[in-house]
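These notes are about the structure you will find just below.
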Amino acid sequence: MSEFLSQRVQKVKPSATLAVTAKANELKAQGVQIVPMGSGEPDFDTPINIQQAGIDAIKNGQTRYTAVDGTPALKQAIIDKFKRDNSLDYTPAEVMVSSGGKQVFYNLCQAILNQGDEVIIPAPYWVSYPDMVILADATPVIVETGLEQNFKITPEQLAASINSRTKLFVINSPSNPTGAVYTKAELQALAAVLKQHPHVLIITDDIYEYIRWGNDDFINIVMAEPTLKPRTIVLNGVSKGYAMTGWRIGYAGGAETIIKAMKKIQGQSTSNPCSIAQAAALEALSGDQSIISTMVHAFEQRHEFIVNALNNIDGIECPKSQGAFYSFPRVEGLIKRLKLKDDVEFTTYCLEKLNIALVPGSAFGAPNYVRFSFATSMDNIKQAVEKLANL
């Protein structure tokens with residue numbers, strides 16, 4: 001039946017992270033004990049006050065359609081959050097709510113991209129960026145970074161990648177999959193390049209904003225260079241910082257014209273996000289924030305353990321990260337030692353022989369790396385490291 005499929009859908013790949021989770025779940029259903037190091041979601045429960053807000057919404061009859069771009073109350077909470085945490089001012093017409101951060105990015109691509117347009121995406125990248133660009137008939141331009149430059153694009157690389165066809169630049173900090181965080185000075189240097197090219201739009205994916213360690217305050221590219229605000233879309237959501245992955249609420253701030261176009265795309269696809277989840281997200285953004293520090297403290301402890309443990313294994317080089325809940329080690333030496341072909345074969349070996357679920361670096365545009373998620377228990381992390389150390 002493949003002859004009935006569109007050329008568009010045949011150009012894109014299934015999500016590698018979801019594929020790993022599905023395969024791990026399949027093995028678990030067969031009774032195999034899997035050590036889950038692949039999933040990118042906190043192992044904490046959604047806080048009780050947020051759960052209760054969702055329950056109350058059901059009891060109070062908030063179970064009907066809302067405005068396509070979100071309830072007025074949630075949009076105001078997002079406006080307040082942007083002002084409080086990011087010193088960014090938006091009007092209700094400049095923000096919208098979607099069914100997860102992924103839909104924000106998809107809406108943007110569909111709203112602004114045409115055939116022939118190019119989108120600059122630093123690698124390693126979140127797995128869905130290039131494919132959503134392709135679904136909009138545009139071309140992803142992948143700029144390779146690596147461990148030696150801390151997985152960050154340089155101003156020189158950015159400048160060399162921009163041409164008359166460039167429509168969008170994507171930046172994600174803290175990063176999935178590397179945990180790398182751009183400093184203010186690094187963002188200002190990138191901004192200096194972008195200021196020379198006013199035809200280029202920017203999207204800053206801030207979904208891991210709250211999951212950082214160290215003494216530096218969070219900063220994104222539009223906070224570092226406010227003159228870029230008219231052509232920057234700020235993407236965020238409640239999934240990671242509030243342990244609300246299944247609630248599916250993302251949001252965006254940006255120029256009214258672009259947000260209006262994104263709203264039009266959403267209105268003809270999913271329409272409004274879940275009304276109950278919106279009520280819970282309102283409580284997340286405006287209620288007790290203590291869950292964030294609790295999770296971050298745990299993630300930081302796990303990060304320190306896993307980095308030290310992996311670096312003690314022959315054939316693995318694991319840099320420290322500054323945020324998110326991932327380590328992204330280079331495993332080229334271990335692949336060679338095990339006489340395997342590549343990182344994909346290595347992660348297959350880990351799943352089938354060691355019962356460890358990992359995601360290959362190739363899925364993120366970085367062969368010979370793997371992504372370890374430490375959004376899981378310390379017991380699971382210790383099991384995974386011990387199995388690898390015994391190879």
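We label chains A, B, ... in the order they appear in the structure tokens, count residues from 1 in each chain, and number ligands from 1 in the order shown.
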
**OP:** Based on DSSP run over this structure's backbone, return all residues of range 106-164 of chain A in strand (DSSP E), as a VMD selection string.
**Re:** chain A and resid 118 to 123 139 to 144

Can you spit out the residues from that selection as a CSV table (one decimal), in the first residue's frame, using N, CA, C and O atoms?
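The file below, again_2.csv, is the result:
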chain,number,residue,atom,x,y,z
A,118,GLU,N,15.7,27.5,4.0
A,118,GLU,CA,16.7,26.7,4.8
A,118,GLU,C,16.6,27.1,6.2
A,118,GLU,O,16.3,28.2,6.6
A,119,VAL,N,16.8,26.0,7.1
A,119,VAL,CA,16.8,26.2,8.5
A,119,VAL,C,18.1,25.7,9.1
A,119,VAL,O,18.4,24.5,8.9
A,120,ILE,N,18.8,26.5,9.8
A,120,ILE,CA,20.1,26.2,10.4
A,120,ILE,C,19.8,25.5,11.7
A,120,ILE,O,19.2,26.1,12.6
A,121,ILE,N,20.3,24.2,11.8
A,121,ILE,CA,20.1,23.4,13.1
A,121,ILE,C,21.5,22.9,13.5
A,121,ILE,O,22.1,22.1,12.8
A,122,PRO,N,22.0,23.4,14.7
A,122,PRO,CA,23.2,22.8,15.2
A,122,PRO,C,23.0,21.4,15.6
A,122,PRO,O,22.0,21.0,16.2
A,123,ALA,N,24.0,20.6,15.3
A,123,ALA,CA,24.0,19.2,15.8
A,123,ALA,C,25.1,19.0,16.8
A,123,ALA,O,26.2,19.5,16.7
A,139,THR,N,14.4,22.9,3.9
A,139,THR,CA,15.7,22.1,3.9
A,139,THR,C,16.4,22.4,5.2
A,139,THR,O,16.8,23.5,5.5
A,140,PRO,N,16.6,21.4,6.1
A,140,PRO,CA,17.4,21.5,7.2
A,140,PRO,C,18.9,21.6,6.9
A,140,PRO,O,19.4,20.8,6.1
A,141,VAL,N,19.6,22.6,7.4
A,141,VAL,CA,21.1,22.8,7.2
A,141,VAL,C,21.7,22.4,8.5
A,141,VAL,O,21.6,23.2,9.5
A,142,ILE,N,22.3,21.3,8.6
A,142,ILE,CA,22.9,20.8,9.8
A,142,ILE,C,24.3,21.3,10.0
A,142,ILE,O,25.2,21.1,9.1
A,143,VAL,N,24.6,21.9,11.1
A,143,VAL,CA,25.9,22.4,11.4
A,143,VAL,C,26.5,21.6,12.6
A,143,VAL,O,26.0,21.6,13.7
A,144,GLU,N,27.5,20.8,12.3
A,144,GLU,CA,28.1,19.9,13.2
A,144,GLU,C,28.9,20.6,14.3
A,144,GLU,O,29.8,21.4,14.0

Can I get the residues of range 37-100 of chain A within 9 Å of range 259-272 of chain A, each with the closest pair of atoms and their distance in Å to one decimal, using only C-alpha atoms, sorted chain first then ascending number, as a tab-separated table?
residue	atom	partner	partner_atom	distance
A:Tyr65	CA	A:Asn272	CA	6.8
A:Thr66	CA	A:Asn272	CA	6.0
A:Ala67	CA	A:Asn272	CA	6.1
A:Val68	CA	A:Asn272	CA	4.1
A:Asp69	CA	A:Lys263	CA	6.1
A:Gly70	CA	A:Asn272	CA	6.3
A:Thr71	CA	A:Asn272	CA	8.9
A:Ala93	CA	A:Ile259	CA	7.4
A:Glu94	CA	A:Ile259	CA	6.0
A:Val95	CA	A:Ile259	CA	6.7
A:Met96	CA	A:Ile259	CA	6.9
A:Val97	CA	A:Asn272	CA	7.9
A:Ser98	CA	A:Asn272	CA	7.1
A:Ser99	CA	A:Asn272	CA	7.8

Mind dumping the selected residues with C-alpha atoms as a PDB file, in the first residue's frame?
ATOM      1  CA  TYR A  65     -13.544  23.558  23.888  1.00  0.00           C
ATOM      2  CA  THR A  66     -11.420  26.545  24.745  1.00  0.00           C
ATOM      3  CA  ALA A  67     -10.048  29.234  22.464  1.00  0.00           C
ATOM      4  CA  VAL A  68      -7.716  27.687  19.889  1.00  0.00           C
ATOM      5  CA  ASP A  69      -4.676  29.438  21.366  1.00  0.00           C
ATOM      6  CA  GLY A  70      -5.474  28.730  25.035  1.00  0.00           C
ATOM      7  CA  THR A  71      -7.632  30.014  27.857  1.00  0.00           C
ATOM      8  CA  ALA A  93      -2.046  38.331  20.965  1.00  0.00           C
ATOM      9  CA  GLU A  94       1.695  37.505  21.158  1.00  0.00           C
ATOM     10  CA  VAL A  95       1.387  34.228  23.087  1.00  0.00           C
ATOM     11  CA  MET A  96      -0.289  30.911  22.366  1.00  0.00           C
ATOM     12  CA  VAL A  97      -0.710  27.507  23.987  1.00  0.00           C
ATOM     13  CA  SER A  98      -0.234  24.228  22.109  1.00  0.00           C
ATOM     14  CA  SER A  99      -0.380  20.504  22.746  1.00  0.00           C
TER      15      SER A  99
END

**OP:** Would you mind writing down, as an MDAnalysis selection string, each residue of range 153-310 of chain A that DSSP on the backbone assigns to alpha helix (DSSP H)?
**Re:** chainID A and resid 155:161 184:195 221:224 256:267 275:286 290:310

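By only C-alpha atoms, and with residues fewer than 2 positions from range 145-149 of chain A along its chain excluded, the set lying at most 8 Å from it is Pro122, Ala123, Pro124, Val143, Phe151, Lys152, Ile153, Pro319, Arg330 and Ala366 of chain A.
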
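Atom pair CA of Phe105 in chain A / CA of Glu283 in chain A: separated by 23.9 Å.
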
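Excluding Asp379 in chain A itself and same-chain residues fewer than 3 positions from it, the residues having an atom within 12 Å of it are Val35, Pro36, Met37, Arg302, Phe305, Ile306, Phe374, Ala375, Thr376, Lys382, Gln383, Ala384, Val385 and Glu386 of chain A, counting only C-alpha atoms.
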
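Here CA of Asn312 in chain A and CA of Ala389 in chain A stand 8.1 Å from one another.
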
Subject >> A:Asn49, A:Asn107, A:Leu285, A:Asn220 ranked by distance to Gln76 in chain A, top pick (using only C-alpha atoms) >> reply: A:Leu285

Subject >> Contacts of His297 in chain A within 12 Å, only C-alpha atoms, excl. fewer than 6 positions in-chain, as number ranges by chain >> reply: A: 210-214, 290-291, 303-304, 323-325, 375

Original post:
At what distance in Å, to one decimal, does CA of Ser293 in chain A lie from CA of Pro47 in chain A?
Top reply: 12.6 Å

**OP:** Compile the contact shell of Thr245 in chain A as a list of chain:residue names: residues with an atom at most 9 Å away, counting only C-alpha atoms, same-chain residues fewer than 3 positions apart removed.
**Re:** A:Glu41, A:Pro42, A:Thr46, A:Gly100, A:Val238, A:Ser239, A:Lys240, A:Tyr242, A:Arg248, A:Ile249

Can I get the selected residues back with C-alpha atoms, as a short mmCIF file (atom, residue, chain, number, x, y, z; two decimals), in the first residue's frame?
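Below is the file that was written, result-v2.cif:
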data_model
loop_
_atom_site.label_atom_id
_atom_site.label_comp_id
_atom_site.auth_asym_id
_atom_site.auth_seq_id
_atom_site.Cartn_x
_atom_site.Cartn_y
_atom_site.Cartn_z
CA GLU A 41 10.89 12.56 31.01
CA PRO A 42 11.31 13.15 34.75
CA THR A 46 3.29 15.63 38.78
CA GLY A 100 3.26 20.31 23.84
CA VAL A 238 5.48 22.63 31.48
CA SER A 239 6.58 19.09 30.54
CA LYS A 240 10.11 19.01 31.94
CA TYR A 242 6.98 20.41 36.37
CA ARG A 248 0.97 17.96 26.73
CA ILE A 249 1.12 21.71 27.25
#

Subject >> All residues 12 Å or closer to Glu26 in chain A, only C-alpha atoms, same chain fewer than 5 positions away omitted, as an MDAnalysis selection string >> reply: chainID A and resid 19:21 31:34 351:352 355 357

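For the choices A:Phe44, A:Ser362, A:Ala277, A:Gln51, the atom-to-atom distance to Ile292 in chain A is smallest for A:Phe44 when using only C-alpha atoms.
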
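Using only C-alpha atoms, the nearest neighbour of Ala280 in chain A within the list A:Leu354, A:Met1, A:Ala29, A:Ala77 is A:Ala77.
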
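The closest residue to Asp216 in chain A, picked from A:Thr63, A:Gln103, A:Thr183, A:Asn150 and counting only C-alpha atoms, is A:Thr183.
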
**OP:** Return the single residue from A:Ser327, A:Gln322, A:Gln196, A:Thr204 that is closest to Gly253 in chain A, with distances computed using only C-alpha atoms.
**Re:** A:Thr204

**OP:** Tell me which of A:Met132, A:Ala255, A:Met378, A:Cys274 sits closest to Pro92 in chain A, counting only C-alpha atoms.
**Re:** A:Ala255
